[in-house]
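Source file: start_12.cif; contents: mmCIF, C-alpha atoms.
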data_entry
loop_
_atom_site.label_atom_id
_atom_site.label_comp_id
_atom_site.auth_asym_id
_atom_site.auth_seq_id
_atom_site.Cartn_x
_atom_site.Cartn_y
_atom_site.Cartn_z
CA MET B 1 59.00 76.90 95.76
CA SER B 2 55.98 77.36 93.54
CA GLN B 3 57.89 78.96 90.64
CA LEU B 4 59.71 75.74 89.95
CA GLY B 5 56.69 73.57 89.30
CA GLN B 6 56.31 69.84 89.70
CA ASP B 7 58.44 68.97 86.65
CA ALA B 8 61.47 70.86 87.99
CA CYS B 9 61.04 69.35 91.45
CA SER B 10 60.81 65.86 89.99
CA SER B 11 63.84 66.54 87.78
CA TYR B 12 65.87 67.74 90.75
CA LYS B 13 65.09 64.61 92.74
CA THR B 14 65.85 62.28 89.84
CA GLN B 15 69.08 64.05 88.92
CA GLY B 16 70.00 64.19 92.59
CA ILE B 17 69.87 60.41 92.94
CA ALA B 18 71.97 60.01 89.78
CA PHE B 19 74.51 62.52 91.07
CA LEU B 20 74.73 60.78 94.44
CA GLU B 21 75.54 57.47 92.78
CA LYS B 22 78.10 58.97 90.40
CA GLY B 23 79.68 61.27 92.98
CA THR B 24 80.08 58.61 95.65
CA ASP B 25 81.52 56.19 93.11
CA SER B 26 84.50 58.53 92.60
CA CYS B 27 85.64 57.93 96.21
CA VAL B 28 88.42 55.30 96.28
CA ARG B 29 88.19 54.88 100.11
CA CYS B 30 91.86 55.82 100.55
CA GLY B 31 91.25 57.45 103.95
CA LEU B 32 93.44 60.51 103.36
CA CYS B 33 90.50 62.62 104.48
CA LEU B 34 90.27 61.05 107.95
CA PRO B 35 92.92 63.15 109.76
CA HIS B 36 91.28 66.32 108.41
CA CYS B 37 87.68 65.60 109.43
CA PRO B 38 86.69 67.31 112.72
CA THR B 39 83.90 64.89 113.60
CA TYR B 40 86.06 61.83 112.92
CA LEU B 41 88.85 63.23 115.09
CA LEU B 42 86.35 63.83 117.90
CA THR B 43 84.74 60.38 117.76
CA GLY B 44 87.04 57.94 115.95
CA ASP B 45 83.86 56.65 114.29
CA GLU B 46 84.09 55.85 110.56
CA SER B 47 80.44 56.84 110.15
CA GLU B 48 81.46 60.34 111.27
CA SER B 49 84.13 60.60 108.55
CA PRO B 50 83.84 61.70 104.90
CA ARG B 51 84.65 58.17 103.74
CA GLY B 52 82.03 56.68 106.03
CA ARG B 53 79.37 59.23 105.14
CA ILE B 54 80.00 58.66 101.44
CA SER B 55 79.33 54.94 101.96
CA LEU B 56 76.11 55.79 103.79
CA ILE B 57 75.05 58.21 101.05
CA ARG B 58 75.64 55.61 98.35
CA ALA B 59 73.66 53.00 100.27
CA LEU B 60 70.77 55.46 100.65
CA ALA B 61 70.82 56.35 96.95
CA GLN B 62 70.67 52.65 96.02
CA ASN B 63 67.97 51.86 98.61
CA GLN B 64 70.29 49.49 100.43
CA LEU B 65 69.75 51.33 103.72
CA ALA B 66 66.73 53.12 105.14
CA PRO B 67 67.00 56.73 106.33
CA THR B 68 66.80 55.86 110.03
CA PRO B 69 67.38 58.48 112.75
CA PRO B 70 70.88 57.13 113.61
CA LEU B 71 71.93 57.22 109.95
CA LEU B 72 70.52 60.71 109.43
CA GLY B 73 72.35 61.79 112.59
CA HIS B 74 75.69 60.93 110.98
CA LEU B 75 74.80 63.10 107.98
CA GLU B 76 73.50 65.97 110.13
CA ARG B 77 76.70 66.07 112.20
CA CYS B 78 78.85 66.88 109.16
CA LEU B 79 80.00 70.50 109.44
CA THR B 80 80.35 70.90 105.66
CA CYS B 81 83.77 72.42 106.34
CA ARG B 82 85.04 70.63 103.19
CA ALA B 83 88.53 70.14 104.61
CA CYS B 84 88.33 66.68 103.05
CA GLU B 85 88.09 68.20 99.58
CA SER B 86 91.43 69.94 100.03
CA VAL B 87 93.27 66.64 100.43
CA CYS B 88 91.17 64.33 98.24
CA PRO B 89 93.25 62.82 95.38
CA SER B 90 90.08 61.90 93.47
CA ASP B 91 88.41 65.34 93.67
CA VAL B 92 85.26 63.88 95.22
CA PRO B 93 82.61 66.68 95.29
CA TYR B 94 81.88 66.05 98.95
CA GLY B 95 80.22 69.39 99.71
CA ARG B 96 77.69 68.96 96.93
CA LEU B 97 77.13 65.33 97.92
CA ILE B 98 76.20 66.16 101.51
CA ASP B 99 73.95 69.05 100.43
CA THR B 100 72.19 66.85 97.87
CA VAL B 101 71.56 63.92 100.20
CA ARG B 102 70.21 66.24 102.90
CA ALA B 103 67.71 67.59 100.38
CA GLN B 104 66.74 64.05 99.38
CA VAL B 105 66.09 62.88 102.96
CA ARG B 106 64.70 66.15 104.32
CA VAL B 107 61.19 64.73 104.69
CA GLN B 108 62.61 62.06 107.00
CA GLN B 109 63.80 64.57 109.58
CA SER B 110 62.04 64.84 112.93
CA ARG B 111 59.04 67.16 113.10
CA GLY B 112 60.85 69.41 115.58
CA GLN B 113 63.84 69.82 113.28
CA ARG B 114 61.59 70.53 110.28
CA VAL B 115 59.63 73.19 112.18
CA LYS B 116 62.78 74.97 113.39
CA LYS B 117 64.36 74.98 109.94
CA HIS B 118 61.11 76.03 108.30
CA LEU B 119 60.82 79.04 110.60
CA LEU B 120 64.46 79.95 110.00
CA HIS B 121 64.61 79.43 106.23
CA GLN B 122 61.07 80.29 105.17
CA TRP B 123 60.12 83.14 107.49
CA LEU B 124 63.11 84.83 109.09
CA ILE B 125 66.29 84.71 107.00
CA PRO B 126 64.63 85.41 103.59
CA ARG B 127 62.85 88.51 104.90
CA PRO B 128 65.37 91.34 105.43
CA THR B 129 62.75 93.75 106.77
CA LEU B 130 61.60 91.25 109.39
CA LEU B 131 65.18 90.36 110.29
CA ARG B 132 66.16 94.00 110.70
CA GLY B 133 63.00 94.62 112.74
CA LEU B 134 63.86 91.81 115.14
CA GLY B 135 67.38 93.19 115.33
CA GLY B 136 65.97 96.57 116.31
CA LEU B 137 63.83 95.02 119.03
CA MET B 138 66.81 93.10 120.37
CA ARG B 139 68.92 96.26 120.34
CA LEU B 140 66.26 98.05 122.39
CA ALA B 141 65.94 95.09 124.78
CA GLN B 142 69.71 95.09 125.30
CA ARG B 143 69.76 98.82 125.95
CA ILE B 144 67.00 98.87 128.59
CA GLY B 145 68.27 95.74 130.32
CA VAL B 146 65.49 93.30 129.40
CA VAL B 147 67.92 90.78 127.88
CA GLY B 148 70.16 90.80 130.94
CA LEU B 149 67.19 90.32 133.22
CA ALA B 150 65.87 87.41 131.14
CA ARG B 151 69.32 85.81 131.21
CA ARG B 152 69.77 86.15 134.97
CA SER B 153 66.25 84.92 135.74
CA GLY B 154 66.76 81.73 133.72
CA LEU B 155 63.95 82.62 131.31
CA LEU B 156 66.18 82.37 128.23
CA GLU B 157 67.37 78.95 129.32
CA ALA B 158 63.80 77.77 129.93
CA LEU B 159 62.72 78.97 126.47
CA GLY B 160 65.72 77.36 124.79
CA TRP B 161 67.04 80.72 123.61
CA ALA B 162 70.13 80.97 125.80
CA SER B 163 72.57 79.65 123.18
CA LEU B 164 71.18 81.97 120.52
CA GLU B 165 71.29 85.03 122.79
CA ALA B 166 74.89 84.21 123.77
CA LEU B 167 75.92 84.64 120.14
CA LEU B 168 74.57 88.17 119.84
CA PRO B 169 77.01 91.03 120.43
CA GLU B 170 75.89 94.39 121.73
CA LEU B 171 74.04 95.69 118.69
CA PRO B 172 75.03 99.23 117.65
CA PRO B 173 72.50 101.67 116.18
CA ARG B 174 71.79 100.69 112.60
CA GLN B 175 72.35 103.13 109.72
CA GLY B 176 70.30 103.17 106.54
CA TRP B 177 72.08 102.22 103.35
CA GLN B 178 72.58 104.70 100.52
CA PRO B 179 72.23 103.16 97.06
CA PHE B 180 75.69 104.46 96.13
CA PHE B 181 78.79 105.60 98.01
CA PRO B 182 81.11 107.61 95.71
CA ALA B 183 84.87 107.15 95.65
CA GLN B 184 87.10 109.62 97.44
CA GLY B 185 89.35 111.44 95.01
CA LYS B 186 89.90 109.96 91.56
CA GLU B 187 87.53 107.07 90.83
CA ARG B 188 89.29 103.86 89.77
CA GLY B 189 86.13 101.86 89.26
CA GLN B 190 82.78 100.86 90.69
CA VAL B 191 81.81 97.75 92.61
CA ALA B 192 78.72 96.35 94.34
CA LEU B 193 78.69 95.09 97.91
CA PHE B 194 76.79 92.02 99.09
CA THR B 195 75.62 92.89 102.59
CA GLY B 196 74.11 89.51 103.51
CA CYS B 197 71.44 88.88 106.12
CA VAL B 198 72.96 88.28 109.56
CA THR B 199 75.96 90.54 108.92
CA ASP B 200 73.72 93.45 108.00
CA VAL B 201 71.91 93.12 111.33
CA VAL B 202 74.62 92.23 113.86
CA ASP B 203 77.82 93.57 112.27
CA GLN B 204 76.96 96.52 110.07
CA PRO B 205 80.13 98.34 111.27
CA SER B 206 82.29 95.86 109.33
CA LEU B 207 80.26 96.52 106.19
CA MET B 208 80.51 100.28 106.65
CA ALA B 209 84.26 99.93 107.19
CA THR B 210 84.45 97.99 103.92
CA VAL B 211 82.68 100.81 102.09
CA GLN B 212 85.00 103.35 103.70
CA LEU B 213 88.16 101.50 102.69
CA LEU B 214 86.94 100.88 99.14
CA ASN B 215 86.04 104.55 98.77
CA GLN B 216 89.49 105.59 99.97
CA VAL B 217 91.17 103.18 97.56
CA GLY B 218 89.17 104.77 94.75
CA TYR B 219 86.07 102.64 94.24
CA GLY B 220 82.47 103.76 94.21
CA VAL B 221 80.26 101.22 95.99
CA HIS B 222 76.73 100.27 95.00
CA ILE B 223 74.38 98.66 97.56
CA PRO B 224 71.59 96.90 95.58
CA ARG B 225 68.39 97.39 97.55
CA LYS B 226 66.62 94.09 96.86
CA GLN B 227 69.46 91.73 97.74
CA VAL B 228 68.68 88.95 100.22
CA CYS B 229 70.35 86.09 102.11
CA CYS B 230 72.85 84.08 100.04
CA GLY B 231 70.94 80.84 100.70
CA ALA B 232 73.82 78.95 102.31
CA LEU B 233 71.95 78.02 105.49
CA ALA B 234 68.95 76.73 103.58
CA ARG B 235 71.11 74.80 101.12
CA HIS B 236 73.17 73.07 103.80
CA ASP B 237 70.02 72.12 105.70
CA GLY B 238 68.38 70.53 102.66
CA GLU B 239 65.96 73.39 101.91
CA TRP B 240 67.02 73.52 98.26
CA GLU B 241 63.85 75.23 96.96
CA ARG B 242 64.32 78.15 99.36
CA ALA B 243 68.04 78.39 98.60
CA LEU B 244 67.30 78.51 94.88
CA ALA B 245 64.63 81.18 95.33
CA LEU B 246 67.12 83.36 97.21
CA ALA B 247 69.72 82.82 94.49
CA VAL B 248 67.30 84.01 91.82
CA GLU B 249 66.44 87.11 93.89
CA ASN B 250 70.10 88.02 94.31
CA ILE B 251 70.97 87.47 90.66
CA THR B 252 68.08 89.79 89.73
CA ALA B 253 69.02 92.38 92.36
CA PHE B 254 72.59 92.72 91.10
CA ALA B 255 71.82 92.42 87.37
CA THR B 256 71.29 96.14 86.84
CA ALA B 257 74.46 97.24 88.63
CA GLU B 258 77.07 98.16 86.03
CA VAL B 259 80.13 97.24 88.08
CA GLU B 260 83.41 95.45 87.54
CA ALA B 261 83.05 93.31 90.68
CA ILE B 262 80.58 92.11 93.30
CA LEU B 263 82.31 91.95 96.68
CA CYS B 264 81.44 89.85 99.69
CA THR B 265 82.86 90.23 103.21
CA ALA B 266 81.66 86.83 104.53
CA SER B 267 83.56 83.91 103.02
CA GLY B 268 80.74 81.50 103.90
CA CYS B 269 78.40 83.53 101.71
CA THR B 270 80.98 83.80 98.92
CA THR B 271 81.24 80.02 98.58
CA SER B 272 77.48 79.81 97.99
CA LEU B 273 77.24 82.84 95.71
CA VAL B 274 79.85 81.43 93.32
CA ASP B 275 77.85 78.19 93.08
CA TYR B 276 74.66 79.86 91.81
CA PRO B 277 75.18 78.63 88.20
CA GLN B 278 75.37 75.05 89.47
CA TRP B 279 72.25 75.51 91.61
CA LEU B 280 70.22 76.66 88.61
CA GLN B 281 71.56 73.94 86.35
CA GLU B 282 70.49 71.29 88.87
CA VAL B 283 66.83 72.10 88.15
CA GLY B 284 67.25 72.81 84.45
CA MET B 285 66.97 76.60 84.75
CA GLU B 286 68.79 79.02 82.45
CA ALA B 287 72.12 79.90 84.07
CA VAL B 288 73.53 82.66 81.84
CA ALA B 289 72.66 85.45 84.29
CA ALA B 290 73.96 83.31 87.16
CA ARG B 291 77.29 82.84 85.36
CA ASP B 292 77.55 86.59 84.78
CA PHE B 293 76.87 87.15 88.48
CA ALA B 294 79.37 84.54 89.67
CA GLY B 295 81.97 85.77 87.18
CA LYS B 296 82.07 89.15 88.92
CA LEU B 297 82.16 87.78 92.46
CA TRP B 298 85.17 88.39 94.71
CA ASP B 299 86.03 87.85 98.34
CA VAL B 300 86.77 91.40 99.49
CA ASN B 301 90.24 90.51 100.82
CA GLN B 302 91.31 89.02 97.51
CA PHE B 303 89.95 92.02 95.60
CA LEU B 304 91.78 94.55 97.78
CA LEU B 305 95.00 92.57 97.49
CA GLN B 306 94.90 92.44 93.70
CA ARG B 307 94.11 96.13 93.19
CA ALA B 308 96.76 98.83 93.36
CA TRP B 309 96.15 101.32 96.15
CA PRO B 310 96.78 105.04 95.59
CA ALA B 311 100.06 106.26 97.05
CA SER B 312 98.05 108.64 99.23
CA VAL B 313 96.40 105.75 101.11
CA THR B 314 98.65 104.78 104.00
CA LEU B 315 98.15 102.81 107.20
CA LYS B 316 99.08 103.91 110.72
CA PRO B 317 101.41 101.71 112.79
CA LEU B 318 99.81 99.27 115.22
CA ALA B 319 102.17 97.65 117.72
CA LYS B 320 99.82 94.80 118.60
CA ARG B 321 99.67 91.04 118.30
CA ILE B 322 97.04 90.04 115.73
CA ALA B 323 95.93 86.43 115.34
CA VAL B 324 94.22 85.34 112.13
CA GLN B 325 91.51 82.67 112.11
CA ASP B 326 91.05 80.99 108.72
CA PRO B 327 87.37 80.24 108.04
CA CYS B 328 86.93 76.82 106.42
CA SER B 329 85.14 78.46 103.49
CA LEU B 330 88.09 80.75 102.80
CA ARG B 331 90.77 78.13 103.38
CA HIS B 332 89.33 74.87 102.01
CA VAL B 333 86.87 76.07 99.35
CA LEU B 334 88.04 79.44 98.01
CA HIS B 335 91.73 78.77 98.83
CA GLN B 336 92.28 82.50 99.37
CA HIS B 337 93.16 82.68 103.06
CA GLU B 338 96.70 83.93 102.40
CA ALA B 339 95.27 87.20 101.09
CA VAL B 340 94.30 88.18 104.64
CA TYR B 341 97.85 87.77 105.97
CA THR B 342 99.35 89.70 103.06
CA LEU B 343 96.94 92.60 103.53
CA LEU B 344 97.41 92.80 107.29
CA ARG B 345 101.19 92.80 106.97
CA ARG B 346 100.84 96.20 105.34
CA ILE B 347 100.12 97.59 108.82
CA PRO B 348 103.44 98.85 110.20
CA GLU B 349 104.65 97.25 113.46
CA ALA B 350 101.78 94.74 113.58
CA ASP B 351 102.69 91.19 114.62
CA ILE B 352 100.56 88.95 112.38
CA LEU B 353 100.32 85.26 113.23
CA PRO B 354 97.97 82.38 112.34
CA LEU B 355 95.72 80.90 114.99
CA PRO B 356 97.08 77.40 115.74
CA SER B 357 95.08 74.52 114.23
CA ASN B 358 93.68 76.78 111.53
CA GLY B 359 93.06 73.73 109.37
CA GLN B 360 90.28 72.61 111.72
CA CYS B 361 86.77 74.09 111.88
CA CYS B 362 85.88 76.36 114.81
CA GLY B 363 82.46 74.71 115.13
CA ALA B 364 80.32 77.60 113.86
CA ALA B 365 79.56 76.13 110.42
CA GLY B 366 76.43 78.12 109.61
CA SER B 367 73.65 76.97 111.94
CA TYR B 368 75.70 73.99 113.19
CA MET B 369 76.58 75.84 116.40
CA LEU B 370 72.85 75.87 117.21
CA THR B 371 71.79 72.47 115.87
CA GLN B 372 74.83 70.46 117.07
CA PRO B 373 75.99 72.41 120.15
CA GLU B 374 77.92 69.57 121.80
CA PHE B 375 80.23 68.92 118.85
CA ALA B 376 80.50 72.64 118.10
CA GLN B 377 81.58 73.48 121.64
CA PHE B 378 84.31 70.82 121.60
CA LEU B 379 85.71 72.34 118.42
CA ARG B 380 85.50 75.91 119.70
CA ALA B 381 87.22 74.94 122.95
CA GLU B 382 90.35 74.06 120.98
CA LYS B 383 90.39 77.56 119.46
CA ILE B 384 89.84 79.24 122.83
CA ASN B 385 92.67 77.20 124.36
CA ALA B 386 94.94 78.30 121.52
CA LEU B 387 94.00 81.93 122.10
CA GLN B 388 94.78 81.58 125.80
CA LYS B 389 98.25 80.34 124.91
CA ILE B 390 99.25 82.91 122.29
CA GLN B 391 97.38 85.83 123.94
CA PRO B 392 96.76 88.14 120.97
CA ASP B 393 95.35 91.62 121.32
CA ILE B 394 93.08 91.17 118.31
CA LEU B 395 91.59 88.18 116.50
CA VAL B 396 90.54 88.68 112.88
CA THR B 397 88.28 86.42 110.84
CA SER B 398 86.60 86.80 107.45
CA ASN B 399 83.32 85.03 108.21
CA ILE B 400 80.45 86.33 110.32
CA GLY B 401 79.48 82.92 111.74
CA CYS B 402 83.03 82.27 112.94
CA ALA B 403 83.22 85.79 114.39
CA LEU B 404 80.00 85.43 116.38
CA TYR B 405 80.80 81.97 117.70
CA LEU B 406 84.39 82.74 118.64
CA ALA B 407 83.40 86.06 120.21
CA ALA B 408 80.91 84.23 122.44
CA GLY B 409 83.66 81.81 123.49
CA ILE B 410 86.10 84.64 124.13
CA LYS B 411 83.52 86.41 126.29
CA GLU B 412 82.76 83.22 128.23
CA ALA B 413 86.48 82.70 128.89
CA ALA B 414 86.88 86.38 129.90
CA LEU B 415 89.76 86.90 127.45
CA PRO B 416 90.73 90.53 126.67
CA ILE B 417 90.68 89.96 122.90
CA GLU B 418 88.91 92.16 120.35
CA ILE B 419 87.48 90.37 117.30
CA LEU B 420 87.32 92.17 113.94
CA HIS B 421 86.97 91.58 110.23
CA PRO B 422 90.35 92.10 108.46
CA VAL B 423 88.97 94.95 106.37
CA GLN B 424 87.55 96.57 109.50
CA LEU B 425 91.03 96.60 111.03
CA LEU B 426 92.56 98.01 107.84
CA ALA B 427 89.95 100.78 107.69
CA ARG B 428 90.64 101.64 111.33
CA GLN B 429 94.33 102.11 110.52
CA LEU B 430 93.78 104.44 107.58
CA SER B 431 95.92 107.56 107.93
CA PHE B 432 94.13 110.78 107.01
#
Full structure transcribed into structure tokens:
Amino acid sequence: MSQLGQDACSSYKTQGIAFLEKGTDSCVRCGLCLPHCPTYLLTGDESESPRGRISLIRALAQNQLAPTPPLLGHLERCLTCRACESVCPSDVPYGRLIDTVRAQVRVQQSRGQRVKKHLLHQWLIPRPTLLRGLGGLMRLAQRIGVVGLARRSGLLEALGWASLEALLPELPPRQGWQPFFPAQGKERGQVALFTGCVTDVVDQPSLMATVQLLNQVGYGVHIPRKQVCCGALARHDGEWERALALAVENITAFATAEVEAILCTASGCTTSLVDYPQWLQEVGMEAVAARDFAGKLWDVNQFLLQRAWPASVTLKPLAKRIAVQDPCSLRHVLHQHEAVYTLLRRIPEADILPLPSNGQCCGAAGSYMLTQPEFAQFLRAEKINALQKIQPDILVTSNIGCALYLAAGIKEAALPIEILHPVQLLARQLSF
């Protein structure tokens, strides 16, 4: 990132090493994290546990071990679900540790991995126009049958695109965003909506449903035009310069919106957006604007729960069985997963129940489902088995990555289950 300059880059690397040593030193090796780590439970290998990875990180920071491919593999296979943080008695900042060490050893990754991540983080995700354009081409290809033909012929498999294509739902026609959607009836306030990158392309209906529900509850909704990806994928993959550039763009894009809150529908994005002040401080940049931004940020479920709804806004009964999947970001980082259950219980006659093993990651984990497909599929299989047992009519989740990955598994298993964002379901049940 050219704006940072060599001094900032050097400072980040130096401070990163110091943080790795200090952060890993706070781990007392108690092992309470082990039963909560998905990769440790799958392998029984200490090097695939938070405790084991912390030991590896410390050894790397002190030059006691070299960043060999096997060692880097242990770090890459971490899902960054941060379930370990929820049970850690020493408050070890594990999520920041794994992000920092990945940035430090990024140059040691294989050329193939670097090329893939460079294309993803430098060319595709940061460019909304390009991303939407590709989405439009894919929508057209789906409609005229080109995608189905490529799948049946084995072309997608030969090109290595089969797993990516399997994640894509049928893309609906995309609507252009207005800069502002006024409240219906008496205005109670104004908010801004973070639309994200992938969500805006593959699941715009959930965003439109969010606007609809907020308008009905009495909030005008701003859609800042120059907002971009939250930077989570780049950050978790060690591309810290790109993640920081995206953070600065978003802070600038939302700075002129005079709103009481900035709402996000994807919990994975929310966990990154709230960390913007820390990201800027890591390179010595001024963080006042970032703190103002983060101070207004809300997960949309939590915001809707804590705001009084007009008496005129009622929900129609829905006599269906609705399972709730807790994204790791909402459960282990934001600790706001209960808001979803409370909101959904406002729907008369609905049977709301948690998806069994909600404490464990579904395997999506940002780009993990693409970069570590074997581990990811083992984790998703547990969720699909649970769905087969409880047989819900609808599965709701508050994170786009989880929704895409679970929807692909549901389709593969031929289960008659609809998957929705909680706010999308609430908007559907509005009584007019």
Could you list the residues chosen by the PyMOL selection byres ((chain B and resi 275) around 12) in this structure as JSON, numbers by chain?
{"B": [95, 96, 230, 231, 232, 235, 243, 244, 247, 251, 268, 269, 270, 271, 272, 273, 274, 276, 277, 278, 279, 280, 281, 282, 287, 290, 291, 292, 293, 294, 295, 297, 333, 334]}
Do you have the CA of Phe303 (chain B)-CA of Leu330 (chain B) distance handy?
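Spanning CA of Phe303 (chain B) to CA of Leu330 (chain B) is a straight-line distance of 13.5 Å.
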Given the PyMOL selection byres ((chain B and resi 66-76) around 10), the residues it picks as a PyMOL selection string:
chain B and resi 39+45-50+52-54+56-57+59-65+77-80+98-99+101-102+105-106+108-110+236-237+368+371-372
Give me, as an MDAnalysis selection string, all polymer residues having an atom no more than 10 Å from region 397-413 of chain B, counting all atoms listed in the file and skipping those fewer than 2 positions away in the same chain.
chainID B and resid 163 165:169 196 198:199 202:203 206 264:270 299:301 323:330 337 340 361:369 376:377 380:381 383:385 387:388 395 415:423
I need the residue nearest Thr129 (chain B) from this list: B:His36, B:Arg58, B:His335, B:Arg225. Use all atoms listed in the file for the distance.
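Going through B:His36, B:Arg58, B:His335, B:Arg225 one by one, the smallest distance to Thr129 (chain B) is for B:Arg225.
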Computed gap from CA of Arg242 (chain B) to CA of Phe254 (chain B) is 18.7 Å
Around all listed atoms of region 184-201 of chain B, padded 5 Å per side, what centre and edge lengths does the axis-aligned box have in Å to one decimal, as AutoDock Vina command-line options?
--center_x 80.7 --center_y 99.9 --center_z 100.3 --size_x 28.5 --size_y 33.2 --size_z 32.1
As a check of understanding, name the residues that the PyMOL selection byres ((chain B and resi 351) around 6) selects in the supplied structure, as an NGL selection string.
:B and (321-322 or 350 or 352)
Could you list, as a list in words, every residue within 12 Å of Ala311 (chain B), counting only C-alpha atoms and ignoring same-chain residues fewer than 4 positions away?
Gln216, Val217, Gly218, Leu315 and Ser431 of chain B
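The smallest atom-to-atom distance between Ser312 (chain B) and any of B:Arg139, B:Lys186, B:Arg174, B:Arg127, using all atoms listed in the file, is found for B:Lys186.
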